[in-house]
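Reproduced below: work-v1.cif, with mmCIF, C-alpha atoms.
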data_structure
#
loop_
_atom_site.label_atom_id
_atom_site.label_comp_id
_atom_site.auth_asym_id
_atom_site.auth_seq_id
_atom_site.Cartn_x
_atom_site.Cartn_y
_atom_site.Cartn_z
CA MET A 33 0.00 0.00 0.00
CA THR A 34 1.34 3.40 -0.96
CA PHE A 35 1.31 6.44 1.32
CA ILE A 36 -1.50 8.04 -0.69
CA GLN A 37 -3.54 4.83 -0.54
CA GLY A 38 -3.06 4.78 3.23
CA ILE A 39 -4.29 8.37 3.47
CA VAL A 40 -7.29 7.52 1.27
CA LEU A 41 -8.06 4.54 3.48
CA LEU A 42 -8.01 6.77 6.57
CA VAL A 43 -10.29 9.34 4.90
CA ALA A 44 -12.64 6.56 3.76
CA LEU A 45 -12.80 5.18 7.31
CA GLN A 46 -13.53 8.69 8.60
CA ARG A 47 -16.36 9.02 6.08
CA LEU A 48 -17.79 5.60 7.00
CA CYS A 49 -17.82 6.59 10.69
CA GLU A 50 -19.58 9.81 9.75
CA VAL A 51 -22.19 7.89 7.74
CA ALA A 52 -22.84 5.67 10.77
CA LEU A 53 -23.25 8.76 12.97
CA SER A 54 -25.50 10.33 10.35
CA ARG A 55 -27.73 7.26 10.14
CA ARG A 56 -28.13 7.22 13.92
CA ASN A 57 -29.04 10.91 13.92
CA GLU A 58 -31.37 10.50 10.92
CA ALA A 59 -33.28 7.68 12.65
CA ARG A 60 -33.68 9.79 15.79
CA LEU A 61 -34.80 12.87 13.87
CA VAL A 62 -37.32 10.92 11.78
CA ALA A 63 -38.68 9.32 14.96
CA GLU A 64 -39.18 12.85 16.31
CA GLY A 65 -41.20 13.94 13.26
CA GLY A 66 -38.54 14.99 10.77
CA HIS A 67 -38.58 13.91 7.15
CA GLU A 68 -36.02 13.78 4.39
CA ILE A 69 -36.34 16.22 1.51
CA GLY A 70 -34.56 16.22 -1.82
CA ALA A 71 -33.32 12.63 -1.59
CA GLY A 72 -32.72 12.47 -5.34
CA HIS A 73 -29.40 14.32 -5.06
CA TYR A 74 -27.98 11.97 -2.44
CA PRO A 75 -26.76 9.11 -4.71
CA VAL A 76 -25.00 11.68 -6.91
CA LEU A 77 -23.34 13.24 -3.85
CA ILE A 78 -22.13 9.80 -2.74
CA ALA A 79 -20.87 9.01 -6.25
CA VAL A 80 -18.83 12.24 -6.35
CA HIS A 81 -17.21 11.50 -3.00
CA VAL A 82 -16.52 7.84 -3.75
CA GLY A 83 -15.15 8.80 -7.17
CA TRP A 84 -12.87 11.41 -5.55
CA LEU A 85 -11.43 8.83 -3.17
CA ALA A 86 -11.08 6.23 -5.94
CA ALA A 87 -9.32 8.73 -8.19
CA LEU A 88 -6.89 9.52 -5.39
CA ALA A 89 -6.26 5.85 -4.62
CA PHE A 90 -5.83 4.65 -8.19
CA LEU A 91 -4.66 7.62 -10.26
CA VAL A 92 -2.05 9.28 -8.05
CA PRO A 93 1.31 7.60 -8.68
CA ALA A 94 3.03 5.92 -5.74
CA ASP A 95 6.02 8.22 -6.19
CA ALA A 96 3.95 11.42 -6.31
CA PRO A 97 5.54 14.32 -4.42
CA ILE A 98 4.11 15.02 -1.00
CA TYR A 99 3.48 18.67 -0.22
CA TRP A 100 3.51 18.63 3.58
CA PRO A 101 2.21 22.20 4.05
CA VAL A 102 -0.90 21.23 2.06
CA ILE A 103 -1.30 18.10 4.21
CA GLY A 104 -1.10 20.45 7.20
CA LEU A 105 -3.84 22.64 5.72
CA TYR A 106 -5.98 19.56 5.12
CA LEU A 107 -5.55 18.56 8.76
CA LEU A 108 -6.44 22.09 9.85
CA VAL A 109 -9.64 21.86 7.80
CA GLN A 110 -10.46 18.70 9.77
CA LEU A 111 -10.67 20.89 12.88
CA GLY A 112 -13.39 22.81 11.04
CA ARG A 113 -15.19 19.52 10.34
CA ILE A 114 -15.03 18.58 14.03
CA TRP A 115 -16.31 22.05 14.98
CA VAL A 116 -19.29 21.69 12.63
CA LEU A 117 -20.14 18.18 13.82
CA SER A 118 -19.86 19.12 17.49
CA THR A 119 -21.92 22.29 16.98
CA LEU A 120 -24.76 20.48 15.22
CA GLY A 121 -24.52 17.46 17.53
CA ARG A 122 -27.63 15.31 17.20
CA TYR A 123 -28.83 17.33 14.19
CA TRP A 124 -25.82 16.59 11.97
CA THR A 125 -26.64 14.28 9.05
CA THR A 126 -25.42 13.65 5.54
CA ARG A 127 -29.02 13.87 4.30
CA VAL A 128 -31.36 16.85 4.44
CA ILE A 129 -33.78 16.10 7.27
CA HIS A 130 -36.44 18.78 7.67
CA MET A 131 -37.45 19.50 11.26
CA PRO A 132 -39.92 22.39 10.93
CA ASP A 133 -40.32 23.09 14.65
CA THR A 134 -36.64 22.99 15.56
CA PRO A 135 -34.81 26.30 15.96
CA LEU A 136 -31.85 27.00 13.73
CA ILE A 137 -28.36 26.52 15.12
CA THR A 138 -26.81 29.98 15.37
CA HIS A 139 -23.68 29.37 17.44
CA GLY A 140 -20.26 27.95 16.66
CA PRO A 141 -19.33 28.44 13.00
CA TYR A 142 -23.03 29.03 12.20
CA ARG A 143 -22.69 32.39 13.90
CA TRP A 144 -20.79 33.60 10.82
CA VAL A 145 -21.63 31.22 7.97
CA ARG A 146 -24.91 29.52 7.04
CA HIS A 147 -23.26 26.37 5.63
CA PRO A 148 -19.78 25.93 7.16
CA ASN A 149 -19.72 22.20 6.47
CA TYR A 150 -19.78 22.86 2.75
CA ILE A 151 -16.78 25.15 3.05
CA VAL A 152 -14.98 22.28 4.75
CA VAL A 153 -15.96 19.86 1.97
CA VAL A 154 -14.93 22.27 -0.80
CA LEU A 155 -11.52 22.69 0.84
CA GLU A 156 -11.06 18.94 1.41
CA ILE A 157 -11.84 18.03 -2.18
CA ALA A 158 -9.30 20.54 -3.46
CA LEU A 159 -6.57 20.18 -0.83
CA LEU A 160 -6.08 16.43 -0.59
CA PRO A 161 -5.29 15.92 -4.29
CA LEU A 162 -3.13 19.06 -4.29
CA ALA A 163 -1.12 17.58 -1.41
CA PHE A 164 0.12 15.03 -3.95
CA GLY A 165 0.38 17.32 -6.96
CA ALA A 166 -2.81 15.92 -8.52
CA TRP A 167 -4.25 19.25 -9.64
CA GLU A 168 -6.35 17.55 -12.33
CA ILE A 169 -8.20 15.51 -9.69
CA ALA A 170 -8.57 18.61 -7.53
CA LEU A 171 -10.02 20.60 -10.43
CA GLY A 172 -12.29 17.90 -11.84
CA PHE A 173 -13.81 16.91 -8.53
CA SER A 174 -14.07 20.52 -7.38
CA ILE A 175 -16.21 21.22 -10.44
CA ALA A 176 -18.33 18.10 -9.85
CA ASN A 177 -18.66 18.96 -6.17
CA SER A 178 -19.71 22.52 -7.03
CA ALA A 179 -22.53 21.19 -9.20
CA ILE A 180 -23.83 18.80 -6.55
CA LEU A 181 -23.49 21.44 -3.82
CA ALA A 182 -25.51 23.92 -5.89
CA TRP A 183 -28.26 21.30 -6.18
CA ARG A 184 -28.10 20.45 -2.48
CA LEU A 185 -28.01 24.07 -1.32
CA ARG A 186 -31.23 24.80 -3.21
CA ILE A 187 -32.89 21.91 -1.38
CA GLU A 188 -31.45 22.76 2.01
CA ASN A 189 -32.17 26.47 1.76
CA VAL A 190 -35.85 25.80 1.02
CA ALA A 191 -36.06 23.86 4.29
CA LEU A 192 -34.06 26.40 6.28
CA ASN A 193 -35.98 29.37 4.90
CA ALA A 194 -39.28 27.72 5.80
CA ARG A 195 -38.07 27.43 9.39
CA VAL A 196 -37.29 31.12 9.69
CA GLY A 197 -40.24 32.36 7.65
CA LEU A 198 -38.24 33.54 4.62
CA PRO A 199 -39.47 33.14 1.04
CA ARG A 200 -38.76 29.73 -0.35
#
Transcribe the structure of this file into structure tokens.
Amino acid sequence: MTFIQGIVLLVALQRLCEVALSRRNEARLVAEGGHEIGAGHYPVLIAVHVGWLAALAFLVPADAPIYWPVIGLYLLVQLGRIWVLSTLGRYWTTRVIHMPDTPLITHGPYRWVRHPNYIVVVLEIALLPLAFGAWEIALGFSIANSAILAWRLRIENVALNARVGLPR
């Protein structure tokens, strides 16, 4: 196993743990009256992320240069991910679960940004390939991620706006 494949394995394990956490939170939220909206985008979102990891694992050469400062930035972004997950707590999911009677989270990173998790994801998708000089993977998957995020943000903003009484 190459260094990059080891990194990809660690990121994949992180994502699988997050999916397990998300499923637990989703089940709880649905039991409390929430419902998923916009599920049609979800398989595409998963495909983009799995494709990104596969491209890293299979297309980056074993002898690719390692840019340690970029690895450091990627690790710093992980602190943002932890901050988002800990701020949302039981409400964090990978799906869009609408809870109409639940107040919006307005502390932590949400004090400044409406969707901080997506900033984290945008940075991750660009930084990890760049850490190994794979700018083509960074560019291609950043474009794909931008498209799926645009789709998801439309869905999520409809739900969030309904909760605060803004136009849909």
Residues at most 7 Å from range 172-180 of chain A, counting all atoms listed in the file, excluding those fewer than 2 positions away in the same chain, as a ChimeraX atom specification? /A:77,80,84,154,157-158,168-170,182-184
List the spatial neighbours of Gly70 in chain A as number ranges by chain - criterion: any atom at most 9 Å away, only C-alpha atoms, same-chain residues fewer than 5 positions off excluded. A: 127-128, 184, 187-188
I need the residue nearest Met33 in chain A from this list: A:Val51, A:Ala71, A:Asp95, A:Leu45. Use only C-alpha atoms for the distance. A:Asp95
Exercise: Thr119 in chain A partners within 10 Å, all atoms listed in the file, chain neighbours under 2 positions left out, as number ranges by chain: A: 113-117, 121-124, 137-142
Evaluate the PyMOL selection byres ((chain A and resi 159) around 8) on the structure here and hand back the selected residues as a ChimeraX atom specification. /A:102-103,105-106,155-158,160-163,170
Using Å and a single decimal, report how far CA of Ile36 in chain A sits from CA of Pro97 in chain A.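 For CA of Pro97 in chain A relative to CA of Ile36 in chain A, the distance reads 10.1 Å.
Distances to Pro132 in chain A were evaluated for A:Ser118, A:Asn193, A:Gln37, A:Gln46 using all atoms listed in the file, and the minimum falls at A:Asn193.
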